[in-house]
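A.B. asks: Below is the file model.csv, with CSV, C-alpha atoms.
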chain,number,residue,atom,x,y,z
I,1415,ASN,CA,66.9,-106.5,8.1
I,1416,ALA,CA,70.3,-107.1,9.8
I,1417,GLY,CA,73.3,-107.1,7.6
I,1418,VAL,CA,76.3,-109.5,8.0
I,1419,MET,CA,77.2,-109.7,11.7
I,1420,GLN,CA,80.7,-110.3,12.9
I,1421,ASN,CA,82.0,-110.6,16.4
I,1422,PRO,CA,84.0,-109.7,18.2
I,1423,ARG,CA,84.8,-106.3,16.5
I,1424,HIS,CA,88.2,-106.3,18.1
I,1425,LEU,CA,90.2,-109.3,19.5
I,1426,VAL,CA,93.5,-109.2,21.2
I,1427,ARG,CA,95.5,-112.4,21.7
I,1428,ARG,CA,99.0,-113.3,22.8
I,1429,ARG,CA,101.3,-115.3,20.6
I,1430,GLY,CA,100.4,-119.0,20.8
I,1431,GLN,CA,96.8,-118.5,21.8
I,1432,GLU,CA,93.8,-119.4,19.7
I,1433,ALA,CA,91.5,-116.9,18.0
I,1434,ARG,CA,87.9,-117.6,17.0
I,1435,LEU,CA,86.1,-115.2,14.7
I,1436,ARG,CA,82.3,-115.5,14.1
I,1437,CYS,CA,80.1,-114.5,11.2
I,1438,SER,CA,76.4,-114.6,10.8
I,1439,PRO,CA,75.3,-114.0,7.2
I,1440,MET,CA,72.5,-111.8,6.1
I,1441,LYS,CA,69.1,-113.4,6.3
I,1442,GLY,CA,68.5,-115.6,3.3
I,1443,HIS,CA,72.1,-115.8,2.4
I,1444,SER,CA,73.6,-119.3,2.4
I,1445,HIS,CA,77.1,-118.5,0.9
I,1446,VAL,CA,79.8,-117.2,3.2
I,1447,TYR,CA,83.2,-115.9,2.4
I,1448,TRP,CA,86.2,-114.9,4.6
I,1449,TYR,CA,88.7,-112.3,3.5
I,1450,ARG,CA,91.8,-110.9,5.2
I,1451,GLN,CA,93.2,-107.4,5.0
I,1452,LEU,CA,96.8,-107.0,6.2
I,1453,PRO,CA,97.9,-103.5,7.3
I,1454,GLU,CA,98.2,-101.2,4.3
I,1455,GLU,CA,97.3,-104.0,1.8
I,1456,GLY,CA,94.2,-105.0,-0.2
I,1457,LEU,CA,91.7,-107.7,0.8
I,1458,LYS,CA,92.6,-111.3,0.0
I,1459,PHE,CA,90.2,-114.2,-0.3
I,1460,MET,CA,90.6,-116.9,2.2
I,1461,VAL,CA,87.7,-119.4,2.1
I,1462,TYR,CA,84.3,-119.9,0.6
I,1463,LEU,CA,81.6,-122.0,2.5
I,1464,GLN,CA,78.1,-123.0,2.2
I,1465,LYS,CA,76.2,-124.7,5.0
I,1466,GLU,CA,78.3,-127.6,6.3
I,1467,ASN,CA,80.5,-127.5,3.2
I,1468,ILE,CA,83.8,-125.9,2.3
I,1469,ILE,CA,83.6,-125.0,-1.3
I,1470,ASP,CA,87.0,-123.4,-1.8
I,1471,GLU,CA,89.8,-122.9,0.7
I,1472,SER,CA,92.6,-122.0,-1.7
I,1473,GLY,CA,93.3,-118.8,0.1
I,1474,MET,CA,93.7,-120.3,3.5
I,1475,PRO,CA,97.2,-120.8,5.0
I,1476,LYS,CA,98.0,-124.5,5.1
I,1477,GLU,CA,98.5,-124.6,8.8
I,1478,ARG,CA,96.8,-123.2,11.9
I,1479,PHE,CA,93.8,-121.9,10.0
I,1480,SER,CA,90.4,-123.6,9.7
I,1481,ALA,CA,86.8,-122.6,8.9
I,1482,GLU,CA,83.4,-124.1,9.3
I,1483,PHE,CA,79.8,-123.1,8.6
I,1484,PRO,CA,77.7,-125.6,10.6
I,1485,LYS,CA,74.0,-126.4,9.9
I,1486,GLU,CA,73.1,-124.3,12.9
I,1487,GLY,CA,74.9,-121.2,14.1
I,1488,PRO,CA,77.4,-118.8,12.6
I,1489,SER,CA,80.5,-119.5,10.5
I,1490,ILE,CA,83.7,-119.7,12.5
I,1491,LEU,CA,87.2,-118.8,11.4
I,1492,ARG,CA,89.6,-120.4,13.8
I,1493,ILE,CA,93.3,-119.5,14.0
I,1494,GLN,CA,95.4,-121.7,16.3
I,1495,GLN,CA,98.8,-120.7,17.9
I,1496,VAL,CA,98.5,-117.2,16.6
I,1497,VAL,CA,101.7,-115.3,15.5
I,1498,ARG,CA,102.3,-111.6,15.0
I,1499,GLY,CA,101.8,-111.9,11.3
I,1500,ASP,CA,98.2,-112.9,11.9
I,1501,SER,CA,97.4,-109.3,13.0
I,1502,ALA,CA,94.9,-108.1,10.4
I,1503,ALA,CA,91.3,-107.2,9.7
I,1504,TYR,CA,89.2,-110.3,8.9
I,1505,PHE,CA,86.1,-109.6,6.9
I,1506,CYS,CA,83.2,-112.0,6.3
I,1507,ALA,CA,80.8,-111.5,3.4
I,1508,SER,CA,77.7,-113.3,2.3
I,1509,SER,CA,75.6,-113.7,-0.8
I,1510,PRO,CA,72.2,-115.3,-1.6
I,1511,GLY,CA,73.8,-117.4,-4.3
I,1512,SER,CA,76.8,-117.8,-6.6
I,1513,ASP,CA,77.6,-114.9,-8.9
I,1514,GLN,CA,75.7,-112.5,-6.7
I,1515,PRO,CA,77.2,-109.4,-5.1
I,1516,GLN,CA,78.7,-110.1,-1.8
I,1517,HIS,CA,77.9,-107.9,1.3
I,1518,PHE,CA,80.5,-107.5,4.0
I,1519,GLY,CA,80.3,-107.4,7.8
I,1520,ASP,CA,82.1,-104.8,9.9
I,1521,GLY,CA,85.1,-107.1,10.3
I,1522,THR,CA,87.1,-108.3,13.2
I,1523,ARG,CA,90.4,-106.6,14.0
I,1524,LEU,CA,92.8,-109.1,15.4
I,1525,SER,CA,95.8,-107.9,17.2
I,1526,ILE,CA,98.5,-110.2,18.4
I,1527,LEU,CA,100.7,-109.1,21.3
F,355,ARG,CA,101.8,-108.7,-12.4
F,356,LYS,CA,99.0,-108.1,-10.0
F,357,GLU,CA,95.6,-109.5,-10.9
F,358,VAL,CA,93.9,-106.1,-10.5
F,359,GLU,CA,96.0,-102.9,-10.9
F,360,GLN,CA,94.9,-99.6,-9.6
F,361,ASP,CA,96.7,-96.3,-9.2
F,362,PRO,CA,96.9,-95.9,-5.4
F,363,GLY,CA,96.6,-92.1,-5.5
F,364,PRO,CA,95.8,-90.2,-3.5
F,365,PHE,CA,93.6,-88.1,-5.8
F,366,ASN,CA,93.1,-84.7,-4.1
F,367,VAL,CA,90.2,-82.8,-5.7
F,368,PRO,CA,88.1,-79.8,-4.7
F,369,GLU,CA,84.4,-80.2,-4.0
F,370,GLY,CA,82.3,-80.2,-7.2
F,371,ALA,CA,85.1,-81.6,-9.4
F,372,THR,CA,84.8,-84.6,-11.7
F,373,VAL,CA,87.2,-87.4,-11.1
F,374,ALA,CA,87.9,-90.6,-12.9
F,375,PHE,CA,89.5,-93.8,-11.7
F,376,ASN,CA,90.7,-96.7,-13.9
F,377,CYS,CA,91.8,-100.2,-13.3
F,378,THR,CA,93.1,-103.1,-15.4
F,379,TYR,CA,92.7,-106.8,-14.7
F,380,SER,CA,94.7,-109.7,-16.0
F,381,ASN,CA,92.2,-112.6,-15.8
F,382,SER,CA,90.3,-112.6,-19.1
F,383,ALA,CA,87.9,-115.3,-17.7
F,384,SER,CA,86.6,-112.8,-15.1
F,385,GLN,CA,82.9,-112.8,-15.1
F,386,SER,CA,81.5,-110.0,-13.0
F,387,PHE,CA,82.9,-106.7,-12.0
F,388,PHE,CA,82.2,-104.2,-9.2
F,389,TRP,CA,83.3,-101.0,-7.6
F,390,TYR,CA,83.4,-101.1,-3.8
F,391,ARG,CA,84.3,-98.2,-1.5
F,392,GLN,CA,86.1,-98.6,1.8
F,393,ASP,CA,86.3,-95.9,4.4
F,394,CYS,CA,89.3,-95.9,6.8
F,395,ARG,CA,89.3,-99.1,8.9
F,396,LYS,CA,85.7,-99.9,7.8
F,397,GLU,CA,84.2,-102.8,5.8
F,398,PRO,CA,84.1,-102.6,1.9
F,399,LYS,CA,80.6,-101.4,0.7
F,400,LEU,CA,79.3,-102.3,-2.7
F,401,LEU,CA,79.1,-99.1,-4.8
F,402,MET,CA,77.9,-100.5,-8.1
F,403,SER,CA,78.2,-103.4,-10.5
F,404,VAL,CA,80.0,-102.7,-13.8
F,405,TYR,CA,78.7,-103.7,-17.2
F,406,SER,CA,80.0,-103.5,-20.8
F,407,SER,CA,77.1,-101.3,-21.7
F,408,GLY,CA,78.0,-98.9,-19.0
F,409,ASN,CA,75.8,-98.0,-16.0
F,410,GLU,CA,75.0,-94.9,-14.1
F,411,ASP,CA,73.8,-94.4,-10.5
F,412,GLY,CA,73.3,-90.7,-9.7
F,413,ARG,CA,76.7,-89.0,-9.8
F,414,PHE,CA,78.6,-92.3,-10.5
F,415,THR,CA,79.2,-93.9,-13.9
F,416,ALA,CA,81.0,-97.2,-14.4
F,417,GLN,CA,82.2,-98.8,-17.6
F,418,LEU,CA,83.8,-102.1,-18.5
F,419,ASN,CA,85.9,-102.6,-21.7
F,420,ARG,CA,86.4,-106.4,-21.9
F,421,ALA,CA,88.7,-106.2,-25.0
F,422,SER,CA,91.1,-103.9,-23.2
F,423,GLN,CA,90.5,-105.6,-19.8
F,424,TYR,CA,89.9,-102.1,-18.3
F,425,ILE,CA,87.3,-100.7,-15.9
F,426,SER,CA,86.5,-97.1,-15.1
F,427,LEU,CA,84.6,-95.2,-12.5
F,428,LEU,CA,83.6,-91.5,-13.0
F,429,ILE,CA,82.4,-89.4,-10.1
F,430,ARG,CA,80.7,-86.1,-11.0
F,431,ASP,CA,80.2,-83.1,-8.6
F,432,SER,CA,82.4,-84.6,-5.9
F,433,LYS,CA,81.2,-84.3,-2.3
F,434,LEU,CA,83.3,-84.3,0.9
F,435,SER,CA,81.5,-87.6,1.8
F,436,ASP,CA,83.0,-89.2,-1.4
F,437,SER,CA,86.4,-89.2,0.3
F,438,ALA,CA,87.3,-92.9,0.6
F,439,THR,CA,89.3,-95.7,-1.0
F,440,TYR,CA,87.7,-97.1,-4.2
F,441,LEU,CA,88.3,-100.8,-4.8
F,442,CYS,CA,88.1,-102.3,-8.3
F,443,VAL,CA,86.9,-105.9,-7.9
F,444,TYR,CA,86.1,-108.9,-10.0
F,445,LEU,CA,84.3,-112.1,-9.3
F,446,ASN,CA,85.8,-115.2,-10.9
F,447,ALA,CA,84.3,-118.5,-11.9
F,448,GLY,CA,85.1,-119.9,-8.4
F,449,ASN,CA,82.9,-117.2,-6.8
F,450,MET,CA,85.7,-115.5,-5.0
F,451,LEU,CA,86.3,-111.7,-5.2
F,452,THR,CA,89.7,-110.4,-6.3
F,453,PHE,CA,90.4,-106.9,-5.1
F,454,GLY,CA,92.7,-104.2,-6.4
F,455,GLY,CA,94.8,-102.3,-3.9
F,456,GLY,CA,92.4,-99.4,-4.1
F,457,THR,CA,92.6,-95.8,-5.2
F,458,ARG,CA,92.4,-93.2,-2.4
F,459,LEU,CA,90.2,-90.1,-3.1
F,460,MET,CA,90.3,-87.0,-0.9
F,461,VAL,CA,87.7,-84.3,-1.6
F,462,LYS,CA,88.7,-80.9,-0.2
F,463,PRO,CA,86.4,-78.0,0.6
Taking this structure as input, can you express it in the form of structure tokens?
C.D. replies:
Amino acid sequence: NAGVMQNPRHLVRRRGQEARLRCSPMKGHSHVYWYRQLPEEGLKFMVYLQKENIIDESGMPKERFSAEFPKEGPSILRIQQVVRGDSAAYFCASSPGSDQPQHFGDGTRLSIL
Amino acid sequence: RKEVEQDPGPFNVPEGATVAFNCTYSNSASQSFFWYRQDCRKEPKLLMSVYSSGNEDGRFTAQLNRASQYISLLIRDSKLSDSATYLCVYLNAGNMLTFGGGTRLMVKP
């Protein structure tokens, strides 16, 4: 029973490029969450999605960041025109329903050159 | 004031010791509480849920005091493998997790 799968594990981009991070939730989980952990800081909520719907994106920066969870396929976190400050570990979590413990993927470490 | 406050540590303890971590939270509407552990550069892993009645899982005991907005984690008979950062977390009504900064534990032989 596979856990939350994220890819890539590591992603290197140059300033101005686009970064796409993928997350496949655990089997049977329809709720997906993205969190960001900046170096030496705690995890911060970014966005909460269910299939084809964004439920809460209050933690997303207003520009350059977007997320989707299509009917088919993984959830995607997209960062356009990356800057050095976007360097962080991006973790995806999933749960079977609301108010259920969330289980995390291994994360994607994004480095911006 | 941070939403979840934790002593960052590190707590350096010998194997076999008992160690306790505390955290306080500011959002009285918080619904569910958890302890997660995070190893260096790894993903957070759910350790246990936390209830007002207290709950125990092997060497780990967690307690929630809603009146004081205070959560604790007790680890008995510490093992080297317990070395990690322990994250105090709550789930709010919007279904998002709010994390404390974590408390670092180092268990020494």
A.B. asks: Between F:Gly455, F:Gly448, F:Pro463, F:Gly363, which has the minimum distance to Asp1513 in chain I (counting all atoms listed in the file)?
C.D. replies: F:Gly448
A.B. asks: I'd like the contact shell of Val461 in chain F - 9 Å cut-off, only C-alpha atoms, skipping same-chain residues fewer than 6 positions apart - returned as a list in words.
C.D. replies: Phe365, Asn366, Val367, Pro368, Glu369, Gly370, Ala371, Ser432, Lys433, Leu434, Ser435, Asp436, Ser437 and Ala438 of chain F
A.B. asks: Write a file of the just-selected residues containing C-alpha atoms, as a PDB file, keeping the file's coordinate frame.
C.D. replies:
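Writing done, so here's result_28.pdb:
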ATOM      1  CA  PHE F 365      93.600 -88.100  -5.800  1.00  0.00           C
ATOM      2  CA  ASN F 366      93.100 -84.700  -4.100  1.00  0.00           C
ATOM      3  CA  VAL F 367      90.200 -82.800  -5.700  1.00  0.00           C
ATOM      4  CA  PRO F 368      88.100 -79.800  -4.700  1.00  0.00           C
ATOM      5  CA  GLU F 369      84.400 -80.200  -4.000  1.00  0.00           C
ATOM      6  CA  GLY F 370      82.300 -80.200  -7.200  1.00  0.00           C
ATOM      7  CA  ALA F 371      85.100 -81.600  -9.400  1.00  0.00           C
ATOM      8  CA  SER F 432      82.400 -84.600  -5.900  1.00  0.00           C
ATOM      9  CA  LYS F 433      81.200 -84.300  -2.300  1.00  0.00           C
ATOM     10  CA  LEU F 434      83.300 -84.300   0.900  1.00  0.00           C
ATOM     11  CA  SER F 435      81.500 -87.600   1.800  1.00  0.00           C
ATOM     12  CA  ASP F 436      83.000 -89.200  -1.400  1.00  0.00           C
ATOM     13  CA  SER F 437      86.400 -89.200   0.300  1.00  0.00           C
ATOM     14  CA  ALA F 438      87.300 -92.900   0.600  1.00  0.00           C
TER      15      ALA F 438
END
A.B. asks: Find the residue from I:His1443, I:Arg1429, I:Lys1458, I:Lys1465 that sits nearest to chain F; use only C-alpha atoms when measuring.
C.D. replies: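 Going through I:His1443, I:Arg1429, I:Lys1458, I:Lys1465 one by one, the smallest distance to chain F is for I:Lys1458.
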A.B. asks: Between I:Met1474, I:Leu1491, I:Ala1481, I:Ile1469, which residue has the minimum interatomic distance to chain F, considering all atoms listed in the file?
C.D. replies: I:Ile1469
A.B. asks: Separation of CA of Pro1439 in chain I and CA of Gly1456 in chain I, in Å?
C.D. replies: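 CA of Gly1456 in chain I lies at a distance of 22.2 Å from CA of Pro1439 in chain I.
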A.B. asks: With a cut-off of 12 Å and counting all atoms listed in the file, select all residues of chain I in contact with chain F and give the selection as a ChimeraX atom specification.
C.D. replies: /I:1417-1420,1423-1424,1445-1464,1469-1473,1502-1509,1511-1523
A.B. asks: Nearest to Phe414 in chain F among F:Tyr444, F:Thr439, F:Phe375, F:Pro364, with distances taken over only C-alpha atoms: which residue is it?
C.D. replies: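 Smallest separation from Phe414 in chain F among the options: F:Phe375.
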A.B. asks: Between CA of Ala383 in chain F and CA of Glu357 in chain F, what is the spacing in Å?
C.D. replies: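 The value is 11.8 Å.
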